[in-house]
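Heads up, start_31.cif below (mmCIF, C-alpha atoms and all ligand atoms):
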```cif
data_run
#
loop_
_atom_site.label_atom_id
_atom_site.label_comp_id
_atom_site.auth_asym_id
_atom_site.auth_seq_id
_atom_site.Cartn_x
_atom_site.Cartn_y
_atom_site.Cartn_z
CA MET A 5 0.00 0.00 0.00
CA PRO A 6 1.42 3.46 -0.84
CA ASP A 7 2.36 5.65 2.07
CA ALA A 8 -0.51 8.13 2.51
CA GLN A 9 1.98 10.78 3.63
CA SER A 10 3.65 10.70 0.23
CA VAL A 11 0.50 11.42 -1.78
CA PRO A 12 0.87 14.99 -3.07
CA ALA A 13 -1.64 17.59 -1.97
CA THR A 14 -4.08 18.48 -4.74
CA GLY A 15 -4.66 22.03 -3.59
CA THR A 16 -8.20 21.10 -2.55
CA PRO A 17 -8.27 21.31 1.23
CA LEU A 18 -11.35 19.13 1.63
CA ALA A 19 -13.13 16.79 -0.76
CA LEU A 20 -15.94 14.37 0.06
CA ARG A 21 -16.68 11.75 -2.58
CA GLY A 22 -19.74 9.53 -2.38
CA VAL A 23 -19.78 9.74 1.40
CA GLU A 24 -22.36 7.52 3.09
CA ARG A 25 -23.41 7.29 6.71
CA ARG A 26 -26.21 5.27 8.24
CA TYR A 27 -27.10 4.81 11.83
CA ARG A 28 -28.25 1.50 13.21
CA THR A 29 -31.27 2.03 15.40
CA GLU A 30 -33.76 -0.31 17.05
CA ALA A 31 -36.17 0.53 14.24
CA GLY A 32 -33.59 -0.54 11.65
CA GLU A 33 -31.02 1.25 9.53
CA LEU A 34 -31.36 4.99 9.17
CA PRO A 35 -29.52 6.25 6.07
CA VAL A 36 -28.51 9.86 6.75
CA LEU A 37 -25.92 10.55 4.05
CA ARG A 38 -26.41 8.64 0.80
CA GLY A 39 -23.47 9.68 -1.32
CA VAL A 40 -22.34 13.18 -0.50
CA ASP A 41 -20.03 14.95 -2.97
CA LEU A 42 -18.58 18.25 -1.80
CA GLU A 43 -15.36 20.15 -2.38
CA LEU A 44 -14.03 23.10 -0.47
CA ARG A 45 -11.52 25.13 -2.46
CA ALA A 46 -8.67 26.95 -0.72
CA GLY A 47 -9.99 29.97 1.13
CA GLU A 48 -13.60 29.29 0.15
CA ILE A 49 -16.32 29.84 2.75
CA VAL A 50 -19.37 27.63 2.25
CA ALA A 51 -22.64 27.80 4.17
CA LEU A 52 -24.43 24.53 4.96
CA VAL A 53 -28.09 25.40 5.43
CA ALA A 54 -30.58 22.59 5.96
CA PRO A 55 -33.38 21.73 8.40
CA SER A 56 -32.73 19.98 11.70
CA GLY A 57 -32.22 16.26 11.43
CA THR A 58 -31.01 16.27 7.82
CA GLY A 59 -27.42 15.36 8.66
CA LYS A 60 -25.45 18.60 9.00
CA SER A 61 -23.66 17.56 12.18
CA THR A 62 -23.06 14.08 10.78
CA LEU A 63 -21.47 15.59 7.67
CA LEU A 64 -19.28 17.95 9.68
CA HIS A 65 -18.13 15.16 12.01
CA LEU A 66 -17.14 13.01 9.02
CA ALA A 67 -15.35 15.93 7.35
CA GLY A 68 -13.60 16.67 10.64
CA LEU A 69 -12.35 13.07 10.93
CA LEU A 70 -14.28 12.69 14.17
CA GLU A 71 -16.21 9.77 12.67
CA ARG A 72 -15.64 7.38 9.80
CA PRO A 73 -18.04 7.06 6.85
CA ASP A 74 -19.77 3.80 5.93
CA GLY A 75 -18.84 4.42 2.31
CA GLY A 76 -17.04 6.93 0.12
CA GLN A 77 -13.94 9.00 0.68
CA VAL A 78 -12.96 11.94 2.86
CA MET A 79 -9.90 13.64 1.35
CA VAL A 80 -8.08 16.14 3.55
CA LEU A 81 -5.22 18.12 2.00
CA GLY A 82 -5.24 15.61 -0.82
CA ARG A 83 -4.91 12.59 1.46
CA ASP A 84 -7.55 9.91 1.74
CA ALA A 85 -8.23 9.83 5.46
CA GLY A 86 -10.21 6.61 5.15
CA GLY A 87 -7.19 4.33 4.92
CA LEU A 88 -5.34 5.93 7.82
CA PRO A 89 -5.11 4.43 11.28
CA ASP A 90 -6.59 6.39 14.17
CA ASP A 91 -3.28 7.97 15.24
CA ASP A 92 -2.62 9.32 11.75
CA ARG A 93 -6.18 10.63 11.47
CA THR A 94 -5.72 12.43 14.78
CA ALA A 95 -2.46 13.95 13.57
CA LEU A 96 -4.03 15.01 10.26
CA ARG A 97 -7.00 16.52 12.07
CA ARG A 98 -4.73 18.42 14.43
CA GLU A 99 -2.62 19.76 11.59
CA ALA A 100 -5.33 20.57 9.07
CA ILE A 101 -8.69 21.13 10.73
CA GLY A 102 -10.21 23.47 13.27
CA PHE A 103 -13.66 22.61 14.62
CA VAL A 104 -16.17 24.93 16.31
CA TYR A 105 -19.19 23.37 18.02
CA GLN A 106 -22.53 25.02 18.77
CA PHE A 107 -21.74 24.73 22.46
CA HIS A 108 -18.22 25.84 23.16
CA HIS A 109 -16.83 22.50 24.43
CA LEU A 110 -14.02 24.33 26.22
CA LEU A 111 -12.24 22.48 29.02
CA PRO A 112 -13.94 23.87 32.14
CA GLU A 113 -10.99 23.52 34.51
CA PHE A 114 -8.63 25.52 32.26
CA THR A 115 -8.42 29.23 31.53
CA ALA A 116 -9.23 30.76 28.15
CA GLU A 117 -5.52 31.01 27.44
CA GLU A 118 -4.81 27.40 28.46
CA ASN A 119 -7.65 26.16 26.27
CA ILE A 120 -5.77 27.60 23.29
CA VAL A 121 -2.30 26.62 24.49
CA LEU A 122 -3.15 22.92 24.99
CA PRO A 123 -3.92 21.95 21.38
CA GLN A 124 -0.70 23.65 20.32
CA LEU A 125 1.34 21.70 22.88
CA ALA A 126 -0.27 18.53 21.52
CA ALA A 127 0.97 19.57 18.08
CA GLY A 128 4.52 20.00 19.36
CA VAL A 129 4.65 23.80 19.75
CA SER A 130 6.71 25.11 22.69
CA ARG A 131 4.77 26.48 25.65
CA ARG A 132 6.30 29.88 25.13
CA ASP A 133 5.25 30.11 21.47
CA ALA A 134 1.85 28.59 22.22
CA THR A 135 1.19 31.15 24.94
CA ALA A 136 2.19 34.02 22.69
CA ARG A 137 -0.10 32.75 19.94
CA ALA A 138 -2.99 32.21 22.38
CA ARG A 139 -2.65 35.81 23.56
CA ASP A 140 -2.50 37.12 19.99
CA LEU A 141 -5.62 35.20 19.01
CA LEU A 142 -7.59 36.19 22.10
CA THR A 143 -6.52 39.81 21.66
CA ALA A 144 -7.69 39.74 18.04
CA PHE A 145 -11.10 38.67 19.38
CA GLY A 146 -11.11 41.47 21.97
CA LEU A 147 -10.48 39.13 24.91
CA GLN A 148 -7.12 40.49 26.06
CA ASP A 149 -8.64 41.13 29.50
CA ARG A 150 -10.12 37.62 29.76
CA LEU A 151 -6.99 35.48 29.30
CA GLN A 152 -7.12 33.96 32.78
CA HIS A 153 -10.89 33.47 32.95
CA ARG A 154 -12.30 29.98 33.08
CA PRO A 155 -15.21 29.25 30.72
CA THR A 156 -17.86 29.64 33.43
CA ARG A 157 -16.59 33.19 33.99
CA LEU A 158 -17.14 34.14 30.36
CA SER A 159 -20.33 35.22 28.57
CA GLY A 160 -21.74 33.02 25.81
CA GLY A 161 -20.28 35.25 23.13
CA GLU A 162 -16.89 35.26 24.84
CA GLN A 163 -16.96 31.47 25.16
CA GLN A 164 -17.54 31.13 21.43
CA ARG A 165 -14.75 33.62 20.67
CA VAL A 166 -12.40 31.46 22.73
CA ALA A 167 -13.68 28.35 20.94
CA ILE A 168 -13.03 30.01 17.55
CA SER A 169 -9.55 31.05 18.71
CA ARG A 170 -8.89 27.47 19.75
CA ALA A 171 -10.02 26.20 16.35
CA LEU A 172 -7.50 28.55 14.71
CA ALA A 173 -4.69 27.79 17.16
CA ASN A 174 -2.77 25.38 14.94
CA SER A 175 -3.27 27.46 11.75
CA PRO A 176 -5.62 24.97 10.07
CA LYS A 177 -6.32 25.06 6.33
CA ILE A 178 -9.92 24.02 7.04
CA LEU A 179 -12.39 25.32 9.58
CA LEU A 180 -15.60 23.40 10.27
CA ALA A 181 -18.29 25.04 12.36
CA ASP A 182 -21.57 23.48 13.50
CA GLU A 183 -24.07 26.29 14.08
CA PRO A 184 -21.34 28.25 15.87
CA THR A 185 -23.59 31.13 16.88
CA GLY A 186 -26.82 29.15 17.21
CA ASN A 187 -26.75 29.39 20.97
CA LEU A 188 -26.31 33.19 21.16
CA ASP A 189 -28.76 36.07 21.17
CA VAL A 190 -29.28 37.75 17.79
CA ASP A 191 -26.98 40.76 18.26
CA THR A 192 -24.15 38.75 19.81
CA ALA A 193 -24.52 36.08 17.15
CA ASP A 194 -24.20 38.72 14.45
CA ARG A 195 -21.06 40.20 15.97
CA VAL A 196 -19.35 36.89 16.71
CA PHE A 197 -20.21 35.66 13.24
CA SER A 198 -18.67 38.75 11.64
CA GLU A 199 -15.52 38.21 13.66
CA LEU A 200 -15.44 34.55 12.64
CA LEU A 201 -15.77 35.42 8.95
CA ASP A 202 -13.11 38.14 9.19
CA ALA A 203 -10.72 35.76 10.93
CA VAL A 204 -11.29 33.00 8.37
CA ARG A 205 -11.03 35.35 5.36
CA GLY A 206 -7.98 37.10 6.75
CA ARG A 207 -6.15 33.80 7.12
CA GLY A 208 -7.24 32.26 3.81
CA VAL A 209 -8.83 29.33 5.61
CA ALA A 210 -11.44 27.23 3.79
CA ALA A 211 -14.59 26.93 5.88
CA LEU A 212 -17.79 24.91 5.98
CA ILE A 213 -20.25 26.50 8.37
CA ALA A 214 -23.65 25.08 9.27
CA THR A 215 -26.23 27.70 10.12
CA HIS A 216 -30.00 28.08 10.25
CA ASN A 217 -29.71 31.78 9.60
CA PRO A 218 -30.16 32.83 5.92
CA ASP A 219 -28.71 36.31 6.60
CA LEU A 220 -25.50 34.73 7.88
CA ALA A 221 -25.43 32.27 4.98
CA ALA A 222 -25.73 35.16 2.50
CA ARG A 223 -22.44 36.55 3.78
CA MET A 224 -20.52 33.43 2.74
CA ASP A 225 -19.21 32.59 -0.74
CA ARG A 226 -21.87 30.00 -1.58
CA THR A 227 -24.58 27.93 0.05
CA VAL A 228 -25.22 24.21 -0.11
CA THR A 229 -28.01 22.20 1.44
CA LEU A 230 -28.78 18.56 2.21
CA ARG A 231 -31.61 16.90 0.34
CA GLU A 232 -32.38 13.20 0.75
CA GLY A 233 -28.88 12.50 1.91
CA HIS A 234 -27.14 14.42 -0.87
CA VAL A 235 -25.41 17.81 -0.88
CA VAL A 236 -26.98 20.07 -3.49
CA PRO A 237 -26.64 23.82 -4.23
CA GLY A 238 -28.70 25.84 -1.75
P1 LIG B 301 -28.60 17.94 11.94
O1 LIG B 301 -27.27 18.33 12.48
O2 LIG B 301 -28.86 18.40 10.54
O3 LIG B 301 -29.72 18.35 12.85
P2 LIG B 301 -27.73 15.23 12.56
O4 LIG B 301 -26.55 14.97 11.69
O5 LIG B 301 -27.48 15.55 13.97
O6 LIG B 301 -28.65 16.33 11.85
O7 LIG B 301 -28.68 13.97 12.50
C1 LIG B 301 -29.19 13.42 11.27
C2 LIG B 301 -30.11 12.26 11.59
O8 LIG B 301 -29.38 11.19 12.14
C3 LIG B 301 -31.19 12.59 12.60
O9 LIG B 301 -32.37 11.94 12.20
C4 LIG B 301 -30.66 12.03 13.88
O10 LIG B 301 -31.71 11.66 14.72
C5 LIG B 301 -29.88 10.83 13.41
N1 LIG B 301 -28.72 10.53 14.26
C6 LIG B 301 -27.68 11.34 14.53
N2 LIG B 301 -26.79 10.74 15.32
C7 LIG B 301 -27.25 9.48 15.55
C8 LIG B 301 -26.79 8.34 16.29
N3 LIG B 301 -25.61 8.39 16.93
N4 LIG B 301 -27.56 7.24 16.31
C9 LIG B 301 -28.73 7.18 15.65
N5 LIG B 301 -29.23 8.21 14.92
C10 LIG B 301 -28.51 9.35 14.87
MG MG B 302 -26.73 19.43 14.12
#
```

Spell out the structure here as structure tokens.
Ligand code: ADP
Ligand code: MG
Amino acid sequence: MPDAQSVPATGTPLALRGVERRYRTEAGELPVLRGVDLELRAGEIVALVAPSGTGKSTLLHLAGLLERPDGGQVMVLGRDAGGLPDDDRTALRREAIGFVYQFHHLLPEFTAEENIVLPQLAAGVSRRDATARARDLLTAFGLQDRLQHRPTRLSGGEQQRVAISRALANSPKILLADEPTGNLDVDTADRVFSELLDAVRGRGVAALIATHNPDLAARMDRTVTLREGHVVPG
């Protein structure tokens, strides 16, 4: 088998080809994704807008290498993640992908700064460099006075800003976000979303962002939706 590391990058940060996912339930098999094809070009920001229960989170988890598909391919930086063992998938995810959840998923016992330092340490960055980068990121999101706050001492908007900073900590080529402002009030959501888009555009990161909000979707480069288990133009 060829070494996956030696496959040259195609320039397409993320490509899903014929991706399938079904869940086994007591009522039988539930096919959620039935052959999803989707490409994210470098620096492209794509909105994923579809009703609840259609498979947005499932799709993002597969793209983020958090789950494995039942069929098809997930190509990250030109490498087929499907054939990789768990350790290599984890390394590829850490290097290439930032993930923002609807609920911040920050580590509660660590400060804002530490939450951004830790994934960098895991990637082999020195503590000194990781701390400097954490401070830069948090400052860019207006949180320079919140570095030592734990998540419970932050507002919802601040928590999501920290979560976005964490997703950008290892300079990913791909950012995946699952309704990242869905848990915030309208004004805060609008502001945090603008900051997210600015940060992603400014860094040339490709992004796939699930949202229910058509106004937010309209600010991205294009919109796709899920219909009967397929990704189609929105
Ligand atoms: P969305 O994010 O668009 O709301 P999800 O990807 O969370 O949709 O879920 C798609 C469908 O798959 C839903 O019908 C959901 O109930 C089902 N589903 C999600 N996760 C599981 C699971 N672990 N086991 C069984 N069914 C699941
Ligand atoms: Mg969801």

Hey, which bits of segment 66-147 of chain A sit within 10 Å of segment 204-219 of chain A, and for each residue what's the closest pair of atoms and how far apart in Å (one decimal), counting only C-alpha atoms, rows by chain and increasing number, as a Markdown table?
```
| residue | atom | partner | partner_atom | distance |
| --- | --- | --- | --- | --- |
| A:Ala67 | CA | A:Leu212 | CA | 9.4 |
| A:Ile101 | CA | A:Ala211 | CA | 9.6 |
| A:Gly102 | CA | A:Ala211 | CA | 9.3 |
| A:Phe103 | CA | A:Ala211 | CA | 9.8 |
| A:Val104 | CA | A:Ile213 | CA | 9.1 |
| A:Tyr105 | CA | A:Ala214 | CA | 10.0 |
| A:Gln106 | CA | A:Ala214 | CA | 9.6 |
```

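Minimum distance to ligand LIG 301 (chain B) across A:Ala181, A:Leu172, A:Met79, A:Leu142 (counting all atoms listed in the file) occurs at A:Ala181.
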
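Across A:Gly22, A:Pro184, A:Pro123, A:Pro17, the tightest approach to Leu63 of chain A is made by A:Gly22 when counting all atoms listed in the file.
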
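With all atoms listed in the file as the atoms that count, the residue of A:Ala222, A:Leu52, A:Ala19, A:Leu44 with the shortest distance to ligand MG 302 (chain B) is A:Leu52.
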
Please indicate the distance in Å from atom CA of Arg132 of chain A to atom CA of Asn119 of chain A, rounded to one decimal place.
-> 14.5 Å

May I ask for the distance between atom CA of Pro176 of chain A and atom CA of Arg97 of chain A, given in Å to one decimal place?
-> 8.8 Å

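Among the candidates A:Leu230, A:Leu96, A:Ala144, A:Ala51, the residue lying nearest to ligand LIG 301 (chain B) is A:Leu230 (atoms considered: only C-alpha atoms and all ligand atoms).
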
Enumerate residues in contact with ligand LIG 301 (chain B): an atom-to-atom distance of at most 7 Å, counting only C-alpha atoms and all ligand atoms. Format the result as an NGL selection string.
-> :A and (27-29 or 34 or 36 or 54-63)

As a check of understanding: the span from atom CA of Asp225 of chain A to atom CA of Leu18 of chain A is 15.8 Å

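Here the question is which of A:Ile49, A:Gly186, A:Asn174, A:Gly146 gets nearest to ligand MG 302 (chain B) using all atoms listed in the file, and that residue is A:Gly186.
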
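A cut-off of 8 Å from the point (-11.9, 27.1, 20.9), with only C-alpha atoms, picks out the residues Phe103, Val104, His108, His109, Leu110, Asn119, Ile120, Gln163, Gln164, Arg165, Val166, Ala167, Ile168, Ser169, Arg170, Ala171 and Leu172 of chain A.
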